[in-house]
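Novice: Just coords.pdb, nothing more (PDB, C-alpha atoms, pLDDT in the B column):
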ATOM      1  CA  MET A   1      18.712 -46.059 -70.891  1.00 47.00           C
ATOM      2  CA  ALA A   2      20.524 -47.068 -67.690  1.00 49.00           C
ATOM      3  CA  LEU A   3      22.454 -49.765 -69.552  1.00 44.00           C
ATOM      4  CA  PHE A   4      23.466 -47.180 -72.183  1.00 46.00           C
ATOM      5  CA  CYS A   5      24.846 -44.937 -69.425  1.00 47.00           C
ATOM      6  CA  VAL A   6      26.833 -47.788 -67.901  1.00 47.00           C
ATOM      7  CA  LEU A   7      28.301 -48.930 -71.240  1.00 48.00           C
ATOM      8  CA  THR A   8      29.241 -45.463 -72.480  1.00 49.00           C
ATOM      9  CA  VAL A   9      31.171 -42.666 -70.836  1.00 53.00           C
ATOM     10  CA  GLY A  10      28.262 -42.076 -68.476  1.00 55.00           C
ATOM     11  CA  CYS A  11      25.231 -39.913 -68.023  1.00 58.00           C
ATOM     12  CA  ARG A  12      26.881 -37.351 -65.809  1.00 61.00           C
ATOM     13  CA  ALA A  13      28.445 -34.419 -67.546  1.00 66.00           C
ATOM     14  CA  LYS A  14      32.150 -34.086 -66.885  1.00 76.00           C
ATOM     15  CA  GLN A  15      32.907 -31.452 -64.249  1.00 87.00           C
ATOM     16  CA  PRO A  16      34.791 -28.409 -65.568  1.00 91.00           C
ATOM     17  CA  ALA A  17      38.316 -27.473 -64.521  1.00 92.00           C
ATOM     18  CA  VAL A  18      37.833 -24.473 -62.241  1.00 94.00           C
ATOM     19  CA  LEU A  19      40.560 -21.846 -62.433  1.00 94.00           C
ATOM     20  CA  HIS A  20      40.770 -19.691 -59.293  1.00 95.00           C
ATOM     21  CA  VAL A  21      41.837 -16.088 -59.921  1.00 94.00           C
ATOM     22  CA  TYR A  22      42.700 -13.636 -57.147  1.00 94.00           C
ATOM     23  CA  ARG A  23      42.030 -10.042 -58.139  1.00 92.00           C
ATOM     24  CA  ASN A  24      40.709  -6.762 -56.749  1.00 92.00           C
ATOM     25  CA  ARG A  25      36.973  -6.444 -57.370  1.00 91.00           C
ATOM     26  CA  THR A  26      37.162  -2.647 -56.937  1.00 90.00           C
ATOM     27  CA  SER A  27      40.202  -1.925 -59.112  1.00 86.00           C
ATOM     28  CA  PRO A  28      39.972   0.455 -62.079  1.00 82.00           C
ATOM     29  CA  VAL A  29      39.988  -2.580 -64.402  1.00 83.00           C
ATOM     30  CA  ALA A  30      37.526  -4.708 -62.381  1.00 85.00           C
ATOM     31  CA  ARG A  31      34.541  -4.205 -64.681  1.00 85.00           C
ATOM     32  CA  ALA A  32      36.602  -4.903 -67.757  1.00 84.00           C
ATOM     33  CA  LEU A  33      38.024  -8.060 -66.142  1.00 87.00           C
ATOM     34  CA  ASP A  34      34.495  -9.162 -65.244  1.00 88.00           C
ATOM     35  CA  GLN A  35      33.539  -8.793 -68.897  1.00 87.00           C
ATOM     36  CA  ARG A  36      36.609 -10.696 -70.111  1.00 87.00           C
ATOM     37  CA  PHE A  37      35.984 -13.514 -67.620  1.00 89.00           C
ATOM     38  CA  LEU A  38      32.309 -13.740 -68.624  1.00 89.00           C
ATOM     39  CA  GLU A  39      33.308 -13.909 -72.287  1.00 88.00           C
ATOM     40  CA  PHE A  40      35.926 -16.549 -71.504  1.00 89.00           C
ATOM     41  CA  ASN A  41      33.411 -18.689 -69.600  1.00 87.00           C
ATOM     42  CA  GLY A  42      30.874 -18.264 -72.405  1.00 84.00           C
ATOM     43  CA  ASP A  43      33.347 -19.320 -75.092  1.00 77.00           C
ATOM     44  CA  LYS A  44      33.714 -22.740 -73.453  1.00 80.00           C
ATOM     45  CA  HIS A  45      37.504 -22.969 -73.572  1.00 90.00           C
ATOM     46  CA  ARG A  46      38.848 -26.477 -73.003  1.00 92.00           C
ATOM     47  CA  LEU A  47      41.952 -28.244 -71.778  1.00 94.00           C
ATOM     48  CA  SER A  48      43.770 -30.609 -74.124  1.00 94.00           C
ATOM     49  CA  SER A  49      41.889 -33.434 -72.318  1.00 93.00           C
ATOM     50  CA  GLY A  50      38.590 -31.888 -73.476  1.00 92.00           C
ATOM     51  CA  GLU A  51      37.628 -30.687 -70.013  1.00 92.00           C
ATOM     52  CA  ARG A  52      35.948 -27.255 -70.041  1.00 93.00           C
ATOM     53  CA  ILE A  53      37.699 -24.394 -68.185  1.00 94.00           C
ATOM     54  CA  VAL A  54      35.630 -22.109 -65.960  1.00 94.00           C
ATOM     55  CA  ILE A  55      36.977 -19.046 -64.130  1.00 94.00           C
ATOM     56  CA  ALA A  56      36.090 -18.449 -60.490  1.00 93.00           C
ATOM     57  CA  THR A  57      37.447 -15.392 -58.688  1.00 92.00           C
ATOM     58  CA  TYR A  58      38.599 -14.827 -55.141  1.00 89.00           C
ATOM     59  CA  GLU A  59      37.448 -11.388 -54.050  1.00 86.00           C
ATOM     60  CA  SER A  60      37.822  -9.857 -50.617  1.00 87.00           C
ATOM     61  CA  GLN A  61      36.651  -6.686 -48.936  1.00 89.00           C
ATOM     62  CA  ASP A  62      40.258  -5.583 -48.471  1.00 93.00           C
ATOM     63  CA  PHE A  63      42.375  -6.590 -51.474  1.00 94.00           C
ATOM     64  CA  LYS A  64      45.684  -5.270 -50.090  1.00 93.00           C
ATOM     65  CA  GLN A  65      45.288  -6.887 -46.666  1.00 94.00           C
ATOM     66  CA  MET A  66      44.422 -10.272 -48.195  1.00 94.00           C
ATOM     67  CA  LEU A  67      47.294  -9.909 -50.654  1.00 93.00           C
ATOM     68  CA  ARG A  68      49.673  -9.108 -47.801  1.00 94.00           C
ATOM     69  CA  ASP A  69      48.464 -11.667 -45.254  1.00 94.00           C
ATOM     70  CA  ARG A  70      46.995 -14.646 -47.077  1.00 93.00           C
ATOM     71  CA  VAL A  71      47.968 -14.980 -50.749  1.00 93.00           C
ATOM     72  CA  GLY A  72      50.674 -17.617 -50.985  1.00 90.00           C
ATOM     73  CA  ASN A  73      49.876 -18.932 -47.510  1.00 89.00           C
ATOM     74  CA  GLU A  74      46.277 -20.044 -46.970  1.00 91.00           C
ATOM     75  CA  LEU A  75      45.005 -18.639 -50.256  1.00 92.00           C
ATOM     76  CA  ARG A  76      46.617 -20.344 -53.235  1.00 94.00           C
ATOM     77  CA  PRO A  77      44.998 -19.096 -56.458  1.00 94.00           C
ATOM     78  CA  ASP A  78      45.913 -20.423 -59.900  1.00 94.00           C
ATOM     79  CA  LEU A  79      46.330 -16.902 -61.303  1.00 93.00           C
ATOM     80  CA  VAL A  80      46.968 -13.565 -59.571  1.00 93.00           C
ATOM     81  CA  VAL A  81      46.020 -10.211 -61.111  1.00 91.00           C
ATOM     82  CA  LEU A  82      47.486  -7.212 -59.308  1.00 90.00           C
ATOM     83  CA  ASP A  83      46.324  -3.610 -59.532  1.00 87.00           C
ATOM     84  CA  SER A  84      49.774  -2.199 -60.183  1.00 85.00           C
ATOM     85  CA  PRO A  85      53.476  -3.023 -59.930  1.00 86.00           C
ATOM     86  CA  GLY A  86      53.441  -1.341 -56.507  1.00 88.00           C
ATOM     87  CA  ASP A  87      51.438  -4.258 -55.111  1.00 90.00           C
ATOM     88  CA  VAL A  88      54.426  -6.589 -55.302  1.00 90.00           C
ATOM     89  CA  ALA A  89      56.138  -5.044 -52.277  1.00 91.00           C
ATOM     90  CA  ILE A  90      53.211  -5.940 -50.016  1.00 91.00           C
ATOM     91  CA  ASN A  91      54.145  -9.596 -49.686  1.00 92.00           C
ATOM     92  CA  PRO A  92      57.572 -11.294 -50.087  1.00 93.00           C
ATOM     93  CA  PHE A  93      55.927 -14.236 -51.860  1.00 92.00           C
ATOM     94  CA  ILE A  94      54.241 -11.904 -54.365  1.00 91.00           C
ATOM     95  CA  GLU A  95      57.521 -10.030 -54.833  1.00 92.00           C
ATOM     96  CA  ARG A  96      59.350 -13.251 -55.767  1.00 92.00           C
ATOM     97  CA  GLU A  97      56.545 -14.541 -57.965  1.00 90.00           C
ATOM     98  CA  SER A  98      55.939 -11.262 -59.788  1.00 88.00           C
ATOM     99  CA  ARG A  99      59.247 -11.566 -61.631  1.00 88.00           C
ATOM    100  CA  ARG A 100      57.296 -13.666 -64.117  1.00 87.00           C
ATOM    101  CA  ALA A 101      54.363 -11.245 -64.319  1.00 90.00           C
ATOM    102  CA  VAL A 102      53.074 -10.086 -67.667  1.00 88.00           C
ATOM    103  CA  ASP A 103      51.084  -6.976 -68.492  1.00 86.00           C
ATOM    104  CA  ILE A 104      47.567  -8.098 -69.353  1.00 83.00           C
ATOM    105  CA  CYS A 105      46.780  -4.629 -70.673  1.00 76.00           C
ATOM    106  CA  GLY A 106      49.401  -4.866 -73.386  1.00 56.00           C
ATOM    107  CA  ALA A 107      48.950  -1.825 -75.576  1.00 38.00           C
ATOM    108  CA  ALA A 108      49.890   1.494 -74.008  1.00 33.00           C
ATOM    109  CA  ARG A 109      46.390   2.906 -74.358  1.00 41.00           C
ATOM    110  CA  ALA A 110      44.500  -0.150 -73.144  1.00 47.00           C
ATOM    111  CA  CYS A 111      44.751   0.500 -69.394  1.00 61.00           C
ATOM    112  CA  PRO A 112      45.512   3.306 -66.999  1.00 58.00           C
ATOM    113  CA  ALA A 113      48.648   1.480 -65.811  1.00 63.00           C
ATOM    114  CA  PHE A 114      50.659  -1.718 -66.083  1.00 74.00           C
ATOM    115  CA  VAL A 115      48.434  -4.485 -64.700  1.00 81.00           C
ATOM    116  CA  PRO A 116      50.632  -7.440 -63.752  1.00 86.00           C
ATOM    117  CA  ALA A 117      49.297 -10.991 -63.771  1.00 89.00           C
ATOM    118  CA  PHE A 118      51.178 -14.209 -63.048  1.00 89.00           C
ATOM    119  CA  ILE A 119      50.791 -17.916 -62.407  1.00 92.00           C
ATOM    120  CA  PRO A 120      52.222 -18.741 -58.953  1.00 92.00           C
ATOM    121  CA  SER A 121      54.983 -21.357 -58.823  1.00 91.00           C
ATOM    122  CA  PHE A 122      52.933 -23.557 -56.483  1.00 92.00           C
ATOM    123  CA  VAL A 123      50.574 -24.307 -59.400  1.00 92.00           C
ATOM    124  CA  THR A 124      52.164 -27.588 -60.453  1.00 90.00           C
ATOM    125  CA  ASP A 125      49.185 -29.835 -61.204  1.00 91.00           C
ATOM    126  CA  ALA A 126      49.238 -30.368 -64.977  1.00 93.00           C
ATOM    127  CA  GLU A 127      45.567 -29.503 -65.537  1.00 93.00           C
ATOM    128  CA  GLU A 128      45.625 -26.457 -63.230  1.00 93.00           C
ATOM    129  CA  LEU A 129      48.778 -25.194 -64.931  1.00 94.00           C
ATOM    130  CA  GLU A 130      47.333 -25.722 -68.405  1.00 95.00           C
ATOM    131  CA  ALA A 131      44.088 -23.945 -67.421  1.00 94.00           C
ATOM    132  CA  SER A 132      46.086 -21.032 -65.968  1.00 93.00           C
ATOM    133  CA  GLN A 133      48.127 -20.753 -69.144  1.00 93.00           C
ATOM    134  CA  VAL A 134      45.005 -20.839 -71.336  1.00 93.00           C
ATOM    135  CA  VAL A 135      43.368 -18.011 -69.356  1.00 91.00           C
ATOM    136  CA  LEU A 136      46.515 -15.881 -69.245  1.00 91.00           C
ATOM    137  CA  LYS A 137      47.058 -16.399 -72.974  1.00 90.00           C
ATOM    138  CA  ASP A 138      43.451 -15.385 -73.638  1.00 88.00           C
ATOM    139  CA  LEU A 139      43.924 -12.178 -71.640  1.00 86.00           C
ATOM    140  CA  LEU A 140      47.158 -11.438 -73.512  1.00 84.00           C
ATOM    141  CA  ASN A 141      45.751 -12.279 -76.953  1.00 79.00           C
ATOM    142  CA  ALA A 142      42.798  -9.917 -76.797  1.00 65.00           C
ATOM    143  CA  PRO A 143      43.071  -7.288 -79.528  1.00 57.00           C
ATOM    144  CA  PRO A 144      45.066  -4.327 -78.095  1.00 46.00           C
ATOM    145  CA  ALA A 145      42.131  -1.929 -78.333  1.00 44.00           C
ATOM    146  CA  ASP A 146      39.990  -4.434 -76.413  1.00 49.00           C
ATOM    147  CA  ARG A 147      42.418  -5.501 -73.676  1.00 46.00           C
ATOM    148  CA  LEU A 148      40.387  -4.821 -70.576  1.00 50.00           C
ATOM    149  CA  GLY A 149      38.444  -2.236 -72.548  1.00 50.00           C
ATOM    150  CA  ILE A 150      39.869   0.835 -70.848  1.00 43.00           C
ATOM    151  CA  THR A 151      41.335   3.795 -72.657  1.00 41.00           C
ATOM    152  CA  ARG A 152      43.041   6.884 -71.318  1.00 34.00           C
TER
END
Please, can you express the file's structure as C-alpha cells?
Specialist:
Amino acid sequence: MALFCVLTVGCRAKQPAVLHVYRNRTSPVARALDQRFLEFNGDKHRLSSGERIVIATYESQDFKQMLRDRVGNELRPDLVVLDSPGDVAINPFIERESRRAVDICGAARACPAFVPAFIPSFVTDAEELEASQVVLKDLLNAPPADRLGITR
C-alpha cells in the first residue's frame, strides 16, 4: 500500500482552496447567507485545477468598526459582502473598491435592500481570484426568488 501511495498522486487528500469572506454575521441577510454558503460548501465546487473550494467567513463582534479600521489593512478577505451601499463611506479603501460591487440580491423582491459584494483588487493570486469569482457567480446565479431567501 505504501508503494502505491508513493507511485500515485499520494494518499493524502488534496487540501481545498479556502475562500475568506468578510460579512456581517448579524445583518438582515446573515441567515440566508449562511444557508447559501452551506449549500455552496456541500455542492463541492471546484477550481479549474480540480481543487475543491470551501468558504470560510470572517465575522467580528462589531462589523462596522472592523470594516472601518481593519478591512484592506490587516484583514484582507477574498470577498467582501456589505450590509448596504452606505457602508462604503466607512473606509476609503472600501469606497474605492466598491465601484466594482454587484448586488447579490438581484431581483427587487429578493432582499430588503441592495447588498453589495465585491472582490478586492489585492486578490491577485490566480487560484484565490478564480475561487472568489466562482463564489460570487454562484451568489449571482441563484434563482431570483431564492437569492438570499428574503422577501419584502
Novice: Which polymer residues have any atom within 8 Å of an atom of stretch 48-58 of chain A, counting only C-alpha atoms, with same-chain residues fewer than 5 positions away left out, as JSON, numbers by chain?
Specialist: {"A": [14, 15, 16, 17, 18, 19, 20, 21, 22, 23, 37, 40, 41, 77, 131]}
Novice: Starting from the shown file, work through the PyMOL selection byres ((chain A and resi 93-96) around 9) and note down what comes out as a list in words.
Specialist: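 What the PyMOL selection byres ((chain A and resi 93-96) around 9) grabs from the file is Leu67, Arg68, Val71, Gly72, Asn73, Asp87, Val88, Ala89, Ile90, Asn91, Pro92, Glu97, Ser98, Arg99, Arg100 and Pro120 of chain A.
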Novice: When you count all atoms listed in the file, which of these residues is closest to A:Asp34: A:Glu130, A:Leu139, A:Val123, A:Pro85?
Specialist: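 Of A:Glu130, A:Leu139, A:Val123, A:Pro85, the one nearest A:Asp34 is A:Leu139, counting all atoms listed in the file.
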Novice: Just to confirm, what's the straight-line distance from atom CA of A:Asp125 to atom CA of A:Val81 in Å (one decimal)?
Specialist: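 The value is 19.9 Å.
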Novice: Could you give me, as an MDAnalysis selection string, the residues within 10 Å of A:Asp62, counting all atoms listed in the file and dropping anything in the same chain fewer than 5 positions from it?
Specialist: chainID A and resid 24:26 67
Novice: Could you check how far atom CA of A:Ile104 sits from atom CA of A:Gly86, in Å to one decimal?
Specialist: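 These atoms are spaced 15.7 Å apart.
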Novice: Write out as JSON an axis-aligned box for stretch 49-66 of chain A: all of its atoms listed in the file, 8 Å added on each side, centre and edge lengths in Å with one decimal.
Specialist:
{"center_x": 40.7, "center_y": -19.4, "center_z": -60.1, "size_x": 26.1, "size_y": 44.2, "size_z": 42.8}
Novice: Figure out the distance between atom CA of A:Cys105 and atom CA of A:Ala126, please, to one decimal in Å.
Specialist: 26.5 Å
Novice: Once the PyMOL selection byres ((chain A and resi 132) around 7) has been applied to the shown file, what residues remain in the selection, as a list in words?
Specialist: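 That selection, the PyMOL selection byres ((chain A and resi 132) around 7), comes back as Leu19, Asp78, Leu79, Ile119, Glu128, Leu129, Glu130, Ala131, Gln133, Val134, Val135 and Leu136 of chain A.
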Novice: Using all atoms listed in the file, can you tell me which of A:Val102, A:Val115, A:Leu47, A:Met66 comes closest to A:Pro28?
Specialist: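 Smallest separation from A:Pro28 among the options: A:Val115.
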Novice: Provide stretch 73-84 of chain A rebuilt to all heavy atoms, formatted as a PDB file, in the frame of the given file.
Specialist:
ATOM      1  N   ASN A  73      49.932 -18.148 -48.743  1.00 89.00           N
ATOM      2  CA  ASN A  73      49.876 -18.932 -47.510  1.00 89.00           C
ATOM      3  C   ASN A  73      48.625 -19.796 -47.541  1.00 89.00           C
ATOM      4  O   ASN A  73      48.640 -20.881 -48.089  1.00 89.00           O
ATOM      5  CB  ASN A  73      49.893 -18.014 -46.277  1.00 89.00           C
ATOM      6  CG  ASN A  73      51.172 -17.222 -46.177  1.00 89.00           C
ATOM      7  OD1 ASN A  73      52.252 -17.759 -46.389  1.00 89.00           O
ATOM      8  ND2 ASN A  73      51.066 -15.948 -45.888  1.00 89.00           N
ATOM      9  N   GLU A  74      47.527 -19.286 -46.956  1.00 91.00           N
ATOM     10  CA  GLU A  74      46.277 -20.044 -46.970  1.00 91.00           C
ATOM     11  C   GLU A  74      45.573 -19.968 -48.321  1.00 91.00           C
ATOM     12  O   GLU A  74      44.910 -20.900 -48.734  1.00 91.00           O
ATOM     13  CB  GLU A  74      45.281 -19.536 -45.912  1.00 91.00           C
ATOM     14  CG  GLU A  74      45.785 -19.430 -44.514  1.00 91.00           C
ATOM     15  CD  GLU A  74      46.097 -18.001 -44.143  1.00 91.00           C
ATOM     16  OE1 GLU A  74      45.228 -17.122 -44.211  1.00 91.00           O
ATOM     17  OE2 GLU A  74      47.255 -17.766 -43.788  1.00 91.00           O
ATOM     18  N   LEU A  75      45.672 -18.848 -48.977  1.00 92.00           N
ATOM     19  CA  LEU A  75      45.005 -18.639 -50.256  1.00 92.00           C
ATOM     20  C   LEU A  75      45.994 -18.907 -51.380  1.00 92.00           C
ATOM     21  O   LEU A  75      47.012 -18.222 -51.492  1.00 92.00           O
ATOM     22  CB  LEU A  75      44.463 -17.203 -50.334  1.00 92.00           C
ATOM     23  CG  LEU A  75      43.639 -16.854 -51.558  1.00 92.00           C
ATOM     24  CD1 LEU A  75      42.377 -17.713 -51.610  1.00 92.00           C
ATOM     25  CD2 LEU A  75      43.266 -15.389 -51.538  1.00 92.00           C
ATOM     26  N   ARG A  76      45.694 -19.921 -52.185  1.00 94.00           N
ATOM     27  CA  ARG A  76      46.617 -20.344 -53.235  1.00 94.00           C
ATOM     28  C   ARG A  76      45.909 -20.364 -54.597  1.00 94.00           C
ATOM     29  O   ARG A  76      45.565 -21.411 -55.116  1.00 94.00           O
ATOM     30  CB  ARG A  76      47.205 -21.698 -52.884  1.00 94.00           C
ATOM     31  CG  ARG A  76      48.006 -21.621 -51.586  1.00 94.00           C
ATOM     32  CD  ARG A  76      48.458 -22.953 -51.064  1.00 94.00           C
ATOM     33  NE  ARG A  76      49.452 -23.603 -51.873  1.00 94.00           N
ATOM     34  CZ  ARG A  76      50.755 -23.447 -51.753  1.00 94.00           C
ATOM     35  NH1 ARG A  76      51.235 -22.613 -50.857  1.00 94.00           N
ATOM     36  NH2 ARG A  76      51.599 -24.109 -52.524  1.00 94.00           N
ATOM     37  N   PRO A  77      45.700 -19.173 -55.168  1.00 94.00           N
ATOM     38  CA  PRO A  77      44.998 -19.096 -56.458  1.00 94.00           C
ATOM     39  C   PRO A  77      45.873 -19.620 -57.600  1.00 94.00           C
ATOM     40  O   PRO A  77      47.091 -19.711 -57.492  1.00 94.00           O
ATOM     41  CB  PRO A  77      44.740 -17.600 -56.619  1.00 94.00           C
ATOM     42  CG  PRO A  77      45.854 -16.959 -55.853  1.00 94.00           C
ATOM     43  CD  PRO A  77      46.121 -17.867 -54.688  1.00 94.00           C
ATOM     44  N   ASP A  78      45.215 -19.945 -58.707  1.00 94.00           N
ATOM     45  CA  ASP A  78      45.913 -20.423 -59.900  1.00 94.00           C
ATOM     46  C   ASP A  78      46.474 -19.271 -60.734  1.00 94.00           C
ATOM     47  O   ASP A  78      47.385 -19.464 -61.526  1.00 94.00           O
ATOM     48  CB  ASP A  78      44.960 -21.237 -60.773  1.00 94.00           C
ATOM     49  CG  ASP A  78      44.366 -22.412 -60.023  1.00 94.00           C
ATOM     50  OD1 ASP A  78      45.127 -23.181 -59.423  1.00 94.00           O
ATOM     51  OD2 ASP A  78      43.120 -22.545 -60.023  1.00 94.00           O
ATOM     52  N   LEU A  79      45.896 -18.085 -60.565  1.00 93.00           N
ATOM     53  CA  LEU A  79      46.330 -16.902 -61.303  1.00 93.00           C
ATOM     54  C   LEU A  79      46.109 -15.694 -60.405  1.00 93.00           C
ATOM     55  O   LEU A  79      45.087 -15.602 -59.730  1.00 93.00           O
ATOM     56  CB  LEU A  79      45.512 -16.756 -62.595  1.00 93.00           C
ATOM     57  CG  LEU A  79      45.835 -15.608 -63.533  1.00 93.00           C
ATOM     58  CD1 LEU A  79      47.235 -15.760 -64.130  1.00 93.00           C
ATOM     59  CD2 LEU A  79      44.806 -15.541 -64.658  1.00 93.00           C
ATOM     60  N   VAL A  80      47.075 -14.773 -60.383  1.00 93.00           N
ATOM     61  CA  VAL A  80      46.968 -13.565 -59.571  1.00 93.00           C
ATOM     62  C   VAL A  80      47.018 -12.361 -60.513  1.00 93.00           C
ATOM     63  O   VAL A  80      47.898 -12.266 -61.356  1.00 93.00           O
ATOM     64  CB  VAL A  80      48.122 -13.470 -58.540  1.00 93.00           C
ATOM     65  CG1 VAL A  80      48.049 -12.168 -57.759  1.00 93.00           C
ATOM     66  CG2 VAL A  80      48.105 -14.670 -57.603  1.00 93.00           C
ATOM     67  N   VAL A  81      46.047 -11.456 -60.347  1.00 91.00           N
ATOM     68  CA  VAL A  81      46.020 -10.211 -61.111  1.00 91.00           C
ATOM     69  C   VAL A  81      46.154  -9.072 -60.104  1.00 91.00           C
ATOM     70  O   VAL A  81      45.300  -8.895 -59.239  1.00 91.00           O
ATOM     71  CB  VAL A  81      44.710 -10.053 -61.916  1.00 91.00           C
ATOM     72  CG1 VAL A  81      44.706  -8.726 -62.671  1.00 91.00           C
ATOM     73  CG2 VAL A  81      44.517 -11.220 -62.877  1.00 91.00           C
ATOM     74  N   LEU A  82      47.235  -8.334 -60.214  1.00 90.00           N
ATOM     75  CA  LEU A  82      47.486  -7.212 -59.308  1.00 90.00           C
ATOM     76  C   LEU A  82      46.904  -5.928 -59.890  1.00 90.00           C
ATOM     77  O   LEU A  82      46.612  -5.859 -61.084  1.00 90.00           O
ATOM     78  CB  LEU A  82      48.993  -7.058 -59.082  1.00 90.00           C
ATOM     79  CG  LEU A  82      49.705  -8.287 -58.508  1.00 90.00           C
ATOM     80  CD1 LEU A  82      51.206  -8.057 -58.478  1.00 90.00           C
ATOM     81  CD2 LEU A  82      49.180  -8.624 -57.130  1.00 90.00           C
ATOM     82  N   ASP A  83      46.793  -4.913 -59.050  1.00 87.00           N
ATOM     83  CA  ASP A  83      46.324  -3.610 -59.532  1.00 87.00           C
ATOM     84  C   ASP A  83      47.434  -2.825 -60.205  1.00 87.00           C
ATOM     85  O   ASP A  83      47.199  -2.086 -61.149  1.00 87.00           O
ATOM     86  CB  ASP A  83      45.779  -2.767 -58.373  1.00 87.00           C
ATOM     87  CG  ASP A  83      44.440  -3.269 -57.886  1.00 87.00           C
ATOM     88  OD1 ASP A  83      43.788  -4.049 -58.602  1.00 87.00           O
ATOM     89  OD2 ASP A  83      44.041  -2.880 -56.776  1.00 87.00           O
ATOM     90  N   SER A  84      48.647  -2.966 -59.662  1.00 85.00           N
ATOM     91  CA  SER A  84      49.774  -2.199 -60.183  1.00 85.00           C
ATOM     92  C   SER A  84      51.070  -2.862 -59.744  1.00 85.00           C
ATOM     93  O   SER A  84      51.069  -3.704 -58.841  1.00 85.00           O
ATOM     94  CB  SER A  84      49.736  -0.767 -59.651  1.00 85.00           C
ATOM     95  OG  SER A  84      50.081  -0.768 -58.279  1.00 85.00           O
TER      96      SER A  84
END
